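Dumped my_file12.cif below, it's mmCIF, C-alpha atoms:
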data_target
#
loop_
_atom_site.group_PDB
_atom_site.id
_atom_site.type_symbol
_atom_site.label_atom_id
_atom_site.label_comp_id
_atom_site.auth_asym_id
_atom_site.auth_seq_id
_atom_site.Cartn_x
_atom_site.Cartn_y
_atom_site.Cartn_z
ATOM 1 C CA MET A 787 12.430 12.055 13.775
ATOM 2 C CA LYS A 788 9.995 10.986 16.486
ATOM 3 C CA HIS A 789 10.002 7.372 17.686
ATOM 4 C CA PHE A 790 6.548 6.671 16.194
ATOM 5 C CA GLN A 791 7.571 7.941 12.767
ATOM 6 C CA SER A 792 10.167 5.177 12.359
ATOM 7 C CA VAL A 793 7.638 2.330 12.538
ATOM 8 C CA ARG A 794 5.517 0.950 9.702
ATOM 9 C CA LEU A 795 2.007 0.082 10.897
ATOM 10 C CA ASN A 796 1.029 -2.297 8.070
ATOM 11 C CA SER A 797 0.842 -5.306 10.397
ATOM 12 C CA LEU A 798 -0.733 -3.517 13.394
ATOM 13 C CA ARG A 799 -3.742 -5.541 14.579
ATOM 14 C CA ARG A 800 -6.304 -5.220 17.342
ATOM 15 C CA LEU A 801 -7.088 -8.601 18.860
ATOM 16 C CA SER A 802 -10.438 -9.815 20.204
ATOM 17 C CA ASP A 803 -9.410 -8.868 23.773
ATOM 18 C CA ASP A 804 -8.799 -5.253 22.556
ATOM 19 C CA SER A 805 -5.038 -5.523 22.867
ATOM 20 C CA PHE A 806 -2.754 -4.605 19.981
ATOM 21 C CA VAL A 807 0.116 -6.471 18.350
ATOM 22 C CA LEU A 808 2.606 -5.303 15.719
ATOM 23 C CA ASN A 809 5.089 -7.529 13.930
ATOM 24 C CA SER A 810 8.119 -5.779 12.530
ATOM 25 C CA LYS A 811 11.408 -6.927 11.036
ATOM 26 C CA GLU A 812 12.908 -3.475 11.632
ATOM 27 C CA HIS A 813 12.286 -3.091 15.386
ATOM 28 C CA GLU A 814 11.775 -5.739 18.072
ATOM 29 C CA ASP A 815 9.947 -3.122 20.124
ATOM 30 C CA ALA A 816 7.874 -1.797 17.201
ATOM 31 C CA LEU A 817 4.586 -1.852 19.119
ATOM 32 C CA CYS A 818 6.061 0.310 21.863
ATOM 33 C CA ARG A 819 7.787 2.674 19.419
ATOM 34 C CA ALA A 820 4.483 3.192 17.585
ATOM 35 C CA CYS A 821 2.692 4.147 20.806
ATOM 36 C CA GLU A 822 2.138 7.703 22.045
ATOM 37 C CA ARG A 823 3.056 6.569 25.598
ATOM 38 C CA PHE A 824 6.476 5.136 24.608
ATOM 39 C CA THR A 825 8.670 7.631 26.485
ATOM 40 C CA ARG A 826 6.515 7.473 29.649
ATOM 41 C CA CYS A 827 5.558 3.803 29.787
ATOM 42 C CA PRO A 828 7.155 1.568 32.434
ATOM 43 C CA LYS A 829 6.693 -1.437 30.116
ATOM 44 C CA ALA A 830 8.284 0.261 27.080
ATOM 45 C CA SER A 831 10.283 -2.062 24.853
ATOM 46 C CA THR A 832 9.358 -5.122 26.945
ATOM 47 C CA VAL A 833 5.969 -6.137 25.519
ATOM 48 C CA THR A 834 4.744 -7.504 22.205
ATOM 49 C CA GLN A 835 1.028 -7.215 23.002
ATOM 50 C CA CYS A 836 -0.623 -4.314 24.839
ATOM 51 C CA LYS A 837 -4.115 -3.147 25.850
ATOM 52 C CA GLU A 838 -2.827 0.370 26.614
ATOM 53 C CA PHE A 839 -1.484 1.048 23.129
ATOM 54 C CA ILE A 840 -2.298 4.539 21.785
ATOM 55 C CA PRO A 841 -1.755 4.851 18.024
ATOM 56 C CA VAL A 842 -0.367 8.101 16.645
ATOM 57 C CA PHE A 843 -1.787 9.743 13.521
ATOM 58 C CA VAL A 844 0.753 12.051 11.889
ATOM 59 C CA PHE A 845 -0.641 15.162 10.201
ATOM 60 C CA ALA A 846 1.510 17.128 7.759
ATOM 61 C CA ASN A 847 -1.281 19.706 7.461
ATOM 62 C CA PRO A 848 -2.530 20.778 10.918
ATOM 63 C CA THR A 849 -5.540 22.737 9.604
ATOM 64 C CA ASN A 850 -8.404 22.560 12.139
ATOM 65 C CA LEU A 851 -6.705 20.023 14.413
ATOM 66 C CA ASP A 852 -7.515 22.462 17.218
ATOM 67 C CA LYS A 853 -11.270 22.083 16.617
ATOM 68 C CA HIS A 854 -13.311 20.060 19.090
ATOM 69 C CA ALA A 855 -14.610 17.549 16.518
ATOM 70 C CA PHE A 856 -13.648 16.528 12.963
ATOM 71 C CA ASN A 857 -12.665 13.478 10.968
ATOM 72 C CA THR A 858 -9.557 12.169 9.293
ATOM 73 C CA ILE A 859 -9.828 10.093 6.140
ATOM 74 C CA ARG A 860 -7.357 7.253 5.611
ATOM 75 C CA LEU A 861 -6.766 4.876 2.704
ATOM 76 C CA GLY A 862 -7.967 1.311 3.022
ATOM 77 C CA ARG A 863 -9.833 -0.655 5.654
ATOM 78 C CA ALA A 864 -7.082 -1.216 8.245
ATOM 79 C CA TRP A 865 -8.037 1.584 10.651
ATOM 80 C CA TYR A 866 -11.673 0.518 10.470
ATOM 81 C CA SER A 867 -10.576 -2.835 11.892
ATOM 82 C CA ARG A 868 -8.212 -1.337 14.477
ATOM 83 C CA LEU A 869 -10.385 1.330 16.082
ATOM 84 C CA GLN A 870 -13.796 1.469 17.705
ATOM 85 C CA SER A 871 -15.912 4.119 19.400
ATOM 86 C CA GLY A 872 -14.183 5.177 22.594
ATOM 87 C CA SER A 873 -10.640 4.368 21.424
ATOM 88 C CA ILE A 874 -8.025 6.956 22.368
ATOM 89 C CA VAL A 875 -5.592 8.117 19.695
ATOM 90 C CA ALA A 876 -2.848 10.715 19.491
ATOM 91 C CA LEU A 877 -2.714 13.383 16.796
ATOM 92 C CA TYR A 878 0.778 14.582 15.915
ATOM 93 C CA ASP A 879 1.053 17.962 14.195
ATOM 94 C CA LYS A 880 4.281 17.501 12.254
ATOM 95 C CA LYS A 881 4.477 21.142 11.163
ATOM 96 C CA PHE A 882 4.521 22.591 14.695
ATOM 97 C CA ASP A 883 5.768 19.482 16.560
ATOM 98 C CA ARG A 884 2.680 19.267 18.795
ATOM 99 C CA MET A 885 0.767 16.279 20.130
ATOM 100 C CA PHE A 886 -2.918 16.149 21.005
ATOM 101 C CA LYS A 887 -5.169 13.364 22.180
ATOM 102 C CA ALA A 888 -8.579 12.539 20.804
ATOM 103 C CA GLN A 889 -11.300 10.000 21.331
ATOM 104 C CA VAL A 890 -12.780 8.095 18.417
ATOM 105 C CA THR A 891 -16.521 8.708 18.241
ATOM 106 C CA THR A 892 -17.226 6.526 15.214
ATOM 107 C CA VAL A 893 -15.453 4.873 12.286
ATOM 108 C CA TYR A 894 -16.833 4.366 8.775
ATOM 109 C CA TRP A 895 -15.399 2.328 5.923
ATOM 110 C CA GLY A 896 -16.598 2.277 2.357
ATOM 111 C CA SER A 897 -15.314 0.380 -0.662
ATOM 112 C CA ASN A 898 -16.642 3.125 -2.943
ATOM 113 C CA LYS A 899 -14.165 5.965 -2.458
ATOM 114 C CA GLU A 900 -16.310 8.544 -4.253
ATOM 115 C CA GLU A 901 -19.322 7.833 -2.025
ATOM 116 C CA LEU A 902 -17.286 7.972 1.167
ATOM 117 C CA LEU A 903 -15.651 11.241 0.121
ATOM 118 C CA THR A 904 -19.030 12.757 -0.780
ATOM 119 C CA GLU A 905 -20.490 11.693 2.568
ATOM 120 C CA HIS A 906 -17.613 12.561 4.910
ATOM 121 C CA SER A 907 -15.236 15.145 3.351
ATOM 122 C CA SER A 908 -17.159 18.199 4.563
ATOM 123 C CA ARG A 909 -16.404 17.207 8.182
ATOM 124 C CA ASN A 910 -12.753 16.415 7.533
ATOM 125 C CA HIS A 911 -10.271 18.732 9.263
ATOM 126 C CA ILE A 912 -9.024 19.981 5.867
ATOM 127 C CA GLY A 913 -12.235 19.392 3.910
ATOM 128 C CA GLN A 914 -14.015 21.979 6.093
ATOM 129 C CA THR A 915 -11.897 24.656 4.408
ATOM 130 C CA LEU A 916 -12.592 23.587 0.813
ATOM 131 C CA ASP A 917 -15.311 24.854 -1.537
ATOM 132 C CA GLU A 918 -15.691 21.348 -3.020
ATOM 133 C CA PRO A 919 -14.695 19.060 -0.122
ATOM 134 C CA ALA A 920 -15.062 15.680 -1.891
ATOM 135 C CA ASP A 921 -13.077 16.715 -4.989
ATOM 136 C CA GLY A 922 -10.505 18.550 -2.896
ATOM 137 C CA MET A 923 -9.989 15.639 -0.512
ATOM 138 C CA LYS A 924 -9.573 13.251 -3.423
ATOM 139 C CA ARG A 925 -6.818 15.492 -4.835
ATOM 140 C CA ILE A 926 -5.158 15.728 -1.408
ATOM 141 C CA LEU A 927 -5.212 11.952 -0.917
ATOM 142 C CA ILE A 928 -3.798 11.365 -4.413
ATOM 143 C CA ASN A 929 -1.058 13.951 -3.803
ATOM 144 C CA SER A 930 -0.247 12.393 -0.421
ATOM 145 C CA TYR A 931 -0.226 8.721 -1.390
ATOM 146 C CA GLY A 932 0.203 8.762 -5.164
ATOM 147 C CA LYS A 933 -2.410 7.966 -7.810
ATOM 148 C CA ASN A 934 -1.518 4.259 -8.082
ATOM 149 C CA PHE A 935 -1.719 3.681 -4.336
ATOM 150 C CA PHE A 936 -4.987 5.630 -4.121
ATOM 151 C CA ASP A 937 -6.510 3.700 -7.038
ATOM 152 C CA LYS A 938 -5.489 0.316 -5.610
ATOM 153 C CA ALA A 939 -6.615 1.084 -2.042
ATOM 154 C CA ASN A 940 -9.432 -1.061 -0.676
ATOM 155 C CA GLY A 941 -11.799 1.859 -0.061
ATOM 156 C CA LEU A 942 -11.444 4.617 2.516
ATOM 157 C CA THR A 943 -11.936 4.906 6.260
ATOM 158 C CA ALA A 944 -13.364 8.040 7.906
ATOM 159 C CA ILE A 945 -12.433 8.288 11.585
ATOM 160 C CA TYR A 946 -14.479 10.768 13.595
ATOM 161 C CA LEU A 947 -12.617 12.300 16.510
ATOM 162 C CA LYS A 948 -13.269 14.630 19.398
ATOM 163 C CA ARG A 949 -10.368 16.298 21.146
ATOM 164 C CA ILE A 950 -9.809 15.468 24.800
#
Same coordinates, now as structure tokens:
Amino acid sequence: MKHFQSVRLNSLRRLSDDSFVLNSKEHEDALCRACERFTRCPKASTVTQCKEFIPVFVFANPTNLDKHAFNTIRLGRAWYSRLQSGSIVALYDKKFDRMFKAQVTTVYWGSNKEELLTEHSSRNHIGQTLDEPADGMKRILINSYGKNFFDKANGLTAIYLKRI
């Protein structure tokens, strides 16, 4: 298991100065463990707030991650609050154990899941391969997170990325 896979990101927050903090009962160095730079960072495991933090998105299905531009759709509003245009993120392809970097071009959040899926699924890395992207992405999200969790989620966030 990779270091970033052992950390829950529920309490990850971006502060007004664009630094990140992460409170965790499991790991004192949770913020560092959750960062793509962890194994190369001279400050690793010594900070609790960081402006250089690079979040890692784990992808079980790597379809189209090699494309120049696409989106990823996540449950809830948290990533909408954490990211902004220009943010750098890492994309981890779990299937082939590969890491890529991407820049966030824009982030959308919508409380109406159906509307967001209709608007953004056709540009999703998996949705681009589906005949009915909105319906297909809804099924994928329900299969990934469970129907209860999907139903209770506070909307969806679409994060548009371009590979760098």
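Nearest to Ser867 of chain A of all the residues A:Lys881, A:His854, A:Arg826, A:Arg800 is A:Arg800, counting all atoms listed in the file.
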The PyMOL selection byres ((chain A and resi 882) around 12) on the file shown: which residues, as number ranges by chain?
A: 844-849, 851, 877-881, 883-886
Can you list, as a PyMOL selection string, the residues that the PyMOL selection byres ((chain A and resi 819) around 10) selects here?
chain A and resi 788-793+813-818+820-825+830-831+841
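The interatomic distance for the pair atom CA of Asp852 of chain A and atom CA of Val875 of chain A works out to 14.7 Å.
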Expansion of the PyMOL selection byres ((chain A and resi 865) around 10) into residues, as a PDB file with C-alpha atoms, in the coordinates of the input:
ATOM      1  CA  LEU A 798      -0.733  -3.517  13.394  1.00  0.00           C
ATOM      2  CA  ARG A 799      -3.742  -5.541  14.579  1.00  0.00           C
ATOM      3  CA  ARG A 800      -6.304  -5.220  17.342  1.00  0.00           C
ATOM      4  CA  ILE A 859      -9.828  10.093   6.140  1.00  0.00           C
ATOM      5  CA  ARG A 860      -7.357   7.253   5.611  1.00  0.00           C
ATOM      6  CA  LEU A 861      -6.766   4.876   2.704  1.00  0.00           C
ATOM      7  CA  GLY A 862      -7.967   1.311   3.022  1.00  0.00           C
ATOM      8  CA  ARG A 863      -9.833  -0.655   5.654  1.00  0.00           C
ATOM      9  CA  ALA A 864      -7.082  -1.216   8.245  1.00  0.00           C
ATOM     10  CA  TYR A 866     -11.673   0.518  10.470  1.00  0.00           C
ATOM     11  CA  SER A 867     -10.576  -2.835  11.892  1.00  0.00           C
ATOM     12  CA  ARG A 868      -8.212  -1.337  14.477  1.00  0.00           C
ATOM     13  CA  LEU A 869     -10.385   1.330  16.082  1.00  0.00           C
ATOM     14  CA  GLN A 870     -13.796   1.469  17.705  1.00  0.00           C
ATOM     15  CA  VAL A 893     -15.453   4.873  12.286  1.00  0.00           C
ATOM     16  CA  TYR A 894     -16.833   4.366   8.775  1.00  0.00           C
ATOM     17  CA  TRP A 895     -15.399   2.328   5.923  1.00  0.00           C
ATOM     18  CA  LEU A 942     -11.444   4.617   2.516  1.00  0.00           C
ATOM     19  CA  THR A 943     -11.936   4.906   6.260  1.00  0.00           C
ATOM     20  CA  ALA A 944     -13.364   8.040   7.906  1.00  0.00           C
ATOM     21  CA  ILE A 945     -12.433   8.288  11.585  1.00  0.00           C
TER      22      ILE A 945
END
Would you please take segment 887-906 of chain A of the structure in the block above and write N, CA, C and O atoms to a file as a CSV table (one decimal), in the first residue's frame?
chain,number,residue,atom,x,y,z
A,887,LYS,N,1.0,13.9,-12.9
A,887,LYS,CA,0.6,15.1,-12.4
A,887,LYS,C,-0.3,15.8,-13.3
A,887,LYS,O,-0.3,15.7,-14.5
A,888,ALA,N,-1.2,16.7,-12.7
A,888,ALA,CA,-2.2,17.4,-13.5
A,888,ALA,C,-2.4,18.8,-12.8
A,888,ALA,O,-2.2,18.9,-11.6
A,889,GLN,N,-2.9,19.7,-13.7
A,889,GLN,CA,-3.2,21.0,-13.1
A,889,GLN,C,-4.7,21.2,-13.2
A,889,GLN,O,-5.3,20.8,-14.2
A,890,VAL,N,-5.3,21.7,-12.2
A,890,VAL,CA,-6.7,21.9,-12.1
A,890,VAL,C,-7.0,23.1,-13.0
A,890,VAL,O,-6.4,24.2,-12.8
A,891,THR,N,-7.9,23.0,-14.0
A,891,THR,CA,-8.3,24.1,-14.8
A,891,THR,C,-9.6,24.8,-14.3
A,891,THR,O,-9.7,26.0,-14.3
A,892,THR,N,-10.5,24.0,-13.7
A,892,THR,CA,-11.7,24.6,-13.1
A,892,THR,C,-12.4,23.5,-12.2
A,892,THR,O,-12.1,22.3,-12.4
A,893,VAL,N,-13.2,24.0,-11.3
A,893,VAL,CA,-13.9,23.0,-10.4
A,893,VAL,C,-15.3,23.5,-10.3
A,893,VAL,O,-15.6,24.7,-10.1
A,894,TYR,N,-16.2,22.5,-10.5
A,894,TYR,CA,-17.7,22.8,-10.4
A,894,TYR,C,-18.3,22.0,-9.3
A,894,TYR,O,-17.9,20.8,-9.1
A,895,TRP,N,-19.2,22.5,-8.5
A,895,TRP,CA,-20.0,21.8,-7.5
A,895,TRP,C,-21.4,22.0,-7.8
A,895,TRP,O,-21.8,23.2,-8.2
A,896,GLY,N,-22.2,21.0,-7.7
A,896,GLY,CA,-23.7,21.2,-7.8
A,896,GLY,C,-24.4,20.3,-6.8
A,896,GLY,O,-24.0,19.1,-6.6
A,897,SER,N,-25.4,20.8,-6.1
A,897,SER,CA,-26.2,20.1,-5.1
A,897,SER,C,-27.1,19.1,-5.8
A,897,SER,O,-27.4,18.0,-5.3
A,898,ASN,N,-27.5,19.4,-7.1
A,898,ASN,CA,-28.3,18.5,-7.9
A,898,ASN,C,-27.4,17.5,-8.6
A,898,ASN,O,-26.8,17.9,-9.6
A,899,LYS,N,-27.3,16.3,-8.1
A,899,LYS,CA,-26.4,15.3,-8.7
A,899,LYS,C,-26.8,15.0,-10.2
A,899,LYS,O,-25.9,14.9,-11.0
A,900,GLU,N,-28.0,14.9,-10.5
A,900,GLU,CA,-28.5,14.6,-11.8
A,900,GLU,C,-28.0,15.6,-12.8
A,900,GLU,O,-27.5,15.4,-13.9
A,901,GLU,N,-28.2,16.9,-12.4
A,901,GLU,CA,-27.8,18.0,-13.3
A,901,GLU,C,-26.3,18.0,-13.5
A,901,GLU,O,-25.8,18.2,-14.7
A,902,LEU,N,-25.5,17.8,-12.5
A,902,LEU,CA,-24.1,17.9,-12.6
A,902,LEU,C,-23.6,16.7,-13.5
A,902,LEU,O,-22.8,16.9,-14.4
A,903,LEU,N,-24.2,15.5,-13.3
A,903,LEU,CA,-23.8,14.4,-14.1
A,903,LEU,C,-24.2,14.6,-15.6
A,903,LEU,O,-23.4,14.3,-16.5
A,904,THR,N,-25.4,15.2,-15.9
A,904,THR,CA,-25.8,15.5,-17.2
A,904,THR,C,-24.8,16.5,-17.9
A,904,THR,O,-24.4,16.3,-19.0
A,905,GLU,N,-24.4,17.5,-17.1
A,905,GLU,CA,-23.5,18.6,-17.6
A,905,GLU,C,-22.1,18.1,-17.8
A,905,GLU,O,-21.4,18.5,-18.8
A,906,HIS,N,-21.6,17.3,-17.0
A,906,HIS,CA,-20.1,17.0,-16.9
A,906,HIS,C,-19.7,15.6,-17.2
A,906,HIS,O,-18.5,15.4,-17.5
